[in-house]
Amino acid sequence: MSKPVDGRAGAGYNAPVKTWIVAIGLASLGLLCGGCWGAKTTPPAVAPTHTVAQGTGPSRTPPPAATSQPTVAPSPTRTPVATATHTAAPATPTHVPSPTPSPPPEVRVYEQTITIATYPFAAHLAAETDPVHGGTVQRLNRAAYEASRPSPAPQSYRALVVENAYLRLTFLPELGGRLYQCVYKPTGQPLFYNNRVLKPTYWGPLPRDENWWLAAGGVEWAFPVNEHGYEWGTPWDVAVHRRASGVDVVLSREAGALRAEVAVTLAAGEGRFTISPRLTNAGDRALPVQFWANAMLSPGGATVGPDLRLIFPAAQAIVHSTGDATLPGEGQIMPWPLAGGRDLSLYANWRNWLGIFAADPLPAFAGAYDGRADVGMARVLTGVGGVKLFGFGTEFPDFGTFADDGSAYVELWAGANRTFWPQDDVPLAPAESLGWSETWIPVAGLGGFTAATAEAVVRLERDGDGVAVAAYGPVARHAVLQVTAAGATLMSERVALGPGRPLVWRLPSAGGPLHLRLYADDGILLAEATHP
């Protein structure tokens, strides 16, 4: 059997897996979500929190006093995609008046229907029992499905929408409980990929002709086995818990002895949201598990383009699989981002599919930023066991496997396991749980970013004959931004951070290593970045 894309199909992927795929909860099967949002009152088992991922904890070194500097010119306005309306904000003056405090608008929650063209694969699914984890699962009879000459037809799915003044999150409980879309409201730009069709691929942990993973888009919850798991297409329960500060959406799914719960929190008046996944073994014996959250990204549009920059701060990567013969093969270590004579942080330099795991030490954040659309997403990670990146590249031979319009995306994974390989399965004991937390921050108008914490996203890069500097804070606050070169201060500004308020500067060129520090007024270091 030929090498599968990203190691996803059949005997080409390590040892065969003996577990099957869980029955899908699509309308064509006559199934609805097991729980109605708002019907449950039990608070989430995991209370999501905003955590600053600094490794050694936040610093309380007092910030240097702000100093007067020559007027800093703003970065040029970037041209957004057709659906965008934003322009980059001008630089903030040195002396910033205190804003008049006002109560943040509440978080809205409502239902709607989304129609997606869906191929008629449901009639060709056969149910079986997972002998390892328990539960009902299904596999596709691909020969019968393809013999039927399938074509897509419109199908409606229930959607739950949660939004504040800056972000709009859409969930599809019937389709794996996925976080289907995040829209950055100040510019109207989407961050996640959404496929125009639901088309069964041959990718997944089963033999090639039995897989039917749907590249629907958004963020999917992958368990209990490697790759995309079995639960990306099943109906999940969903409950909404209102708090004074915002809303928790709690998605849950029981699969045999395992119970998965994902709490997504959106606070009023903030330009960020948190995701807290947890997997619990309710059985009476230890079970080998994999547990991941896979985000399919196409910032600013319906597909990825050559201006997409991949923020994956790892010095080395472990190759999962690749179709690029100029790169190291499966299981080998390769440098990142410079490999094969190319800078692979720029998607335009990808030739064929590539899947990589970050080598130790794991990055505290990752993300993607599209230069043409001038929008991206930072994903700040706490307590994860592994981080993975996957993309197709320009020479991938068959985009029609998963889409009908030639669109593509990149996958950014984070999870409890080190890799997908069986030796990195986690033995989950009875009554034991595992999980992690993430903070997601959409950003626009920065021209890119080089570092992120749960409190701020910053950019520090040499750009032509100058230095590009940018900062964004998802919560309204004052801060001091300092930039030094070889120890000499280039800039020290008191700035007003806040959702929908990108701050950008262009400084004159300076020699020596660059260092950016962003301090809160109480002395806590919110974020920092360095550049050679």
# chains A, B, ... in the order shown; residues from 1 in each chain; ligands from 1

$ residues_around --residues "Thr382 (chain A)" --least-positions-apart "6" --cutoff "7 Å" --atoms "only C-alpha atoms" --output "ChimeraX atom specification"
/A:53,364,436-438

$ write_last_selection --atoms "C-alpha atoms" --output "PDB file, in the first residue's frame"
ATOM      1  CA  ALA A  53       2.551  30.766  29.849  1.00  0.00           C
ATOM      2  CA  ALA A 364       4.575  27.562  25.116  1.00  0.00           C
ATOM      3  CA  TRP A 436      -4.503  20.684  29.695  1.00  0.00           C
ATOM      4  CA  SER A 437      -5.549  24.299  29.028  1.00  0.00           C
ATOM      5  CA  GLU A 438      -5.217  26.729  26.122  1.00  0.00           C
TER       6      GLU A 438
END

$ closest_atom_pairs --of "region 289-339 of chain A" --to "region 450-462 of chain A" --cutoff "10 Å" --atoms "only C-alpha atoms" --output "tab-separated table"
residue	atom	partner	partner_atom	distance
A:Ile311	CA	A:Thr450	CA	7.3
A:Phe312	CA	A:Thr450	CA	9.6
A:Pro313	CA	A:Thr450	CA	8.6

$ residues_around --residues "Ala479 (chain A)" --least-positions-apart "3" --cutoff "8 Å" --atoms "only C-alpha atoms" --output "ChimeraX atom specification"
/A:494-497,518-521

$ residues_around --residues "region 147-151 of chain A" --least-positions-apart "4" --cutoff "7 Å" --atoms "only C-alpha atoms" --output "list in words"
Tyr119, Pro120 and Ala143 of chain A

$ closest_atom_pairs --of "region 187-260 of chain A" --to "region 391-402 of chain A" --cutoff "8 Å" --atoms "only C-alpha atoms" --output "CSV"
residue,atom,partner,partner_atom,distance
A:Leu198,CA,A:Phe402,CA,7.9
A:Lys199,CA,A:Phe402,CA,5.8
A:Pro200,CA,A:Phe402,CA,7.0
A:Thr201,CA,A:Phe402,CA,5.7
A:Tyr202,CA,A:Thr401,CA,7.9
A:Leu214,CA,A:Phe402,CA,7.2
A:Ala215,CA,A:Phe402,CA,6.1

$ atom_distance --atom1 "CA of Thr115 (chain A)" --atom2 "CA of Ala263 (chain A)"
25.4 Å

$ closest_residue --among "A:Gly188, A:Gly371, A:Gly385, A:Gly233" --to "Gly500 (chain A)" --atoms "only C-alpha atoms"
A:Gly188

$ closest_atom_pairs --of "region 184-272 of chain A" --to "region 123-141 of chain A" --cutoff "6 Å" --atoms "only C-alpha atoms" --output "CSV"
residue,atom,partner,partner_atom,distance
A:Glu210,CA,A:Leu140,CA,4.5
A:Ala255,CA,A:Gly135,CA,5.2
A:Gly256,CA,A:Gly134,CA,3.9

$ residues_around --residues "Leu327 (chain A)" --least-positions-apart "6" --cutoff "12 Å" --atoms "only C-alpha atoms" --output "PyMOL selection string"
chain A and resi 317-321+333-342+344+350-356

$ write_last_selection --atoms "N, CA and C atoms" --output "PDB file, in the first residue's frame"
ATOM      1  N   ALA A 317      12.274  19.499  15.007  1.00  0.00           N
ATOM      2  CA  ALA A 317      10.986  18.838  14.856  1.00  0.00           C
ATOM      3  C   ALA A 317      11.208  17.362  14.559  1.00  0.00           C
ATOM      4  N   ILE A 318      10.213  16.537  14.936  1.00  0.00           N
ATOM      5  CA  ILE A 318      10.226  15.107  14.638  1.00  0.00           C
ATOM      6  C   ILE A 318       9.251  14.871  13.494  1.00  0.00           C
ATOM      7  N   VAL A 319       9.728  14.312  12.405  1.00  0.00           N
ATOM      8  CA  VAL A 319       8.884  14.107  11.232  1.00  0.00           C
ATOM      9  C   VAL A 319       7.919  12.952  11.492  1.00  0.00           C
ATOM     10  N   HIS A 320       6.622  13.238  11.329  1.00  0.00           N
ATOM     11  CA  HIS A 320       5.618  12.176  11.397  1.00  0.00           C
ATOM     12  C   HIS A 320       5.508  11.493  10.052  1.00  0.00           C
ATOM     13  N   SER A 321       5.321  12.271   9.015  1.00  0.00           N
ATOM     14  CA  SER A 321       5.370  11.749   7.646  1.00  0.00           C
ATOM     15  C   SER A 321       5.479  12.929   6.702  1.00  0.00           C
ATOM     16  N   ILE A 333      14.694  13.418  13.041  1.00  0.00           N
ATOM     17  CA  ILE A 333      14.761  14.790  13.535  1.00  0.00           C
ATOM     18  C   ILE A 333      15.181  15.711  12.402  1.00  0.00           C
ATOM     19  N   MET A 334      14.534  16.854  12.294  1.00  0.00           N
ATOM     20  CA  MET A 334      14.958  17.850  11.323  1.00  0.00           C
ATOM     21  C   MET A 334      14.974  19.223  11.978  1.00  0.00           C
ATOM     22  N   PRO A 335      15.826  20.132  11.498  1.00  0.00           N
ATOM     23  CA  PRO A 335      15.834  21.482  12.070  1.00  0.00           C
ATOM     24  C   PRO A 335      14.574  22.236  11.671  1.00  0.00           C
ATOM     25  N   TRP A 336      14.192  23.178  12.478  1.00  0.00           N
ATOM     26  CA  TRP A 336      13.031  24.019  12.195  1.00  0.00           C
ATOM     27  C   TRP A 336      13.374  25.474  12.551  1.00  0.00           C
ATOM     28  N   PRO A 337      13.014  26.433  11.687  1.00  0.00           N
ATOM     29  CA  PRO A 337      12.228  26.277  10.460  1.00  0.00           C
ATOM     30  C   PRO A 337      13.053  26.106   9.187  1.00  0.00           C
ATOM     31  N   LEU A 338      14.372  26.248   9.288  1.00  0.00           N
ATOM     32  CA  LEU A 338      15.200  26.151   8.091  1.00  0.00           C
ATOM     33  C   LEU A 338      15.555  24.693   7.840  1.00  0.00           C
ATOM     34  N   ALA A 339      15.025  24.132   6.752  1.00  0.00           N
ATOM     35  CA  ALA A 339      15.265  22.726   6.411  1.00  0.00           C
ATOM     36  C   ALA A 339      15.179  22.575   4.904  1.00  0.00           C
ATOM     37  N   GLY A 340      16.035  21.727   4.343  1.00  0.00           N
ATOM     38  CA  GLY A 340      16.017  21.507   2.904  1.00  0.00           C
ATOM     39  C   GLY A 340      16.306  22.770   2.114  1.00  0.00           C
ATOM     40  N   GLY A 341      17.068  23.693   2.715  1.00  0.00           N
ATOM     41  CA  GLY A 341      17.385  24.936   2.036  1.00  0.00           C
ATOM     42  C   GLY A 341      16.232  25.921   1.967  1.00  0.00           C
ATOM     43  N   ARG A 342      15.197  25.717   2.767  1.00  0.00           N
ATOM     44  CA  ARG A 342      14.013  26.575   2.724  1.00  0.00           C
ATOM     45  C   ARG A 342      13.593  26.985   4.120  1.00  0.00           C
ATOM     46  N   LEU A 344      10.645  26.971   6.201  1.00  0.00           N
ATOM     47  CA  LEU A 344       9.344  26.316   6.193  1.00  0.00           C
ATOM     48  C   LEU A 344       8.323  27.011   7.094  1.00  0.00           C
ATOM     49  N   TRP A 350       6.409  25.260   1.193  1.00  0.00           N
ATOM     50  CA  TRP A 350       6.050  23.852   1.346  1.00  0.00           C
ATOM     51  C   TRP A 350       5.760  23.248  -0.024  1.00  0.00           C
ATOM     52  N   ARG A 351       6.386  22.121  -0.347  1.00  0.00           N
ATOM     53  CA  ARG A 351       6.174  21.479  -1.648  1.00  0.00           C
ATOM     54  C   ARG A 351       5.101  20.397  -1.594  1.00  0.00           C
ATOM     55  N   ASN A 352       5.125  19.586  -0.555  1.00  0.00           N
ATOM     56  CA  ASN A 352       4.160  18.497  -0.436  1.00  0.00           C
ATOM     57  C   ASN A 352       3.844  18.330   1.044  1.00  0.00           C
ATOM     58  N   TRP A 353       2.963  17.355   1.335  1.00  0.00           N
ATOM     59  CA  TRP A 353       2.494  17.274   2.707  1.00  0.00           C
ATOM     60  C   TRP A 353       3.643  17.045   3.680  1.00  0.00           C
ATOM     61  N   LEU A 354       3.456  17.591   4.888  1.00  0.00           N
ATOM     62  CA  LEU A 354       4.440  17.447   5.947  1.00  0.00           C
ATOM     63  C   LEU A 354       3.711  17.493   7.283  1.00  0.00           C
ATOM     64  N   GLY A 355       3.992  16.505   8.119  1.00  0.00           N
ATOM     65  CA  GLY A 355       3.501  16.501   9.489  1.00  0.00           C
ATOM     66  C   GLY A 355       4.666  16.391  10.444  1.00  0.00           C
ATOM     67  N   ILE A 356       4.758  17.290  11.423  1.00  0.00           N
ATOM     68  CA  ILE A 356       5.882  17.290  12.359  1.00  0.00           C
ATOM     69  C   ILE A 356       5.378  17.480  13.785  1.00  0.00           C
TER      70      ILE A 356
END

$ residues_around --residues "region 405-418 of chain A" --least-positions-apart "6" --cutoff "6 Å" --atoms "only C-alpha atoms" --output "list in words"
Phe291, Trp292, Ala293, Asn294, Ala295, Met296, Leu297, Ser298, Thr303, Val304, Val384, Gly385, Gly386, Val387, Lys388, Leu389, Phe390, Gly391, Phe399 and Asp424 of chain A

$ closest_residue --among "A:Asn349, A:Asn195, A:Gln189, A:Thr113" --to "Arg158 (chain A)" --atoms "only C-alpha atoms"
A:Thr113

$ residues_around --residues "Ala282 (chain A)" --least-positions-apart "4" --cutoff "8 Å" --atoms "only C-alpha atoms" --output "tab-separated table (two decimals) with N, CA, C and O atoms, in the first residue's frame"
chain	number	residue	atom	x	y	z
A	257	ALA	N	-15.88	3.33	28.25
A	257	ALA	CA	-15.47	3.65	29.61
A	257	ALA	C	-14.92	5.06	29.74
A	257	ALA	O	-14.62	5.51	30.86
A	258	LEU	N	-14.77	5.77	28.64
A	258	LEU	CA	-14.13	7.08	28.67
A	258	LEU	C	-15.16	8.20	28.60
A	258	LEU	O	-16.15	8.10	27.87
A	259	ARG	N	-14.89	9.27	29.34
A	259	ARG	CA	-15.72	10.46	29.27
A	259	ARG	C	-14.81	11.65	28.95
A	259	ARG	O	-13.87	11.94	29.69
A	430	PRO	N	-8.16	3.56	36.15
A	430	PRO	CA	-9.55	3.79	36.56
A	430	PRO	C	-9.68	5.03	37.45
A	430	PRO	O	-8.87	5.24	38.35
A	431	ALA	N	-10.69	5.85	37.16
A	431	ALA	CA	-10.98	7.10	37.88
A	431	ALA	C	-9.93	8.18	37.65
A	431	ALA	O	-10.03	9.27	38.23
A	432	GLU	N	-8.95	7.94	36.80
A	432	GLU	CA	-7.91	8.92	36.53
A	432	GLU	C	-8.33	9.82	35.37
A	432	GLU	O	-9.03	9.40	34.46

$ select_by_dssp --residues "region 241-482 of chain A" --states "strand (DSSP E)" --output "ChimeraX atom specification"
/A:241-243,246-255,258-267,273-281,287-289,292-297,308-311,316-322,333-335,338-339,342-343,354-358,365-370,375-382,386-391,410-415,426-428,433-435,437-444,451-452,457-463,466-472,477-482
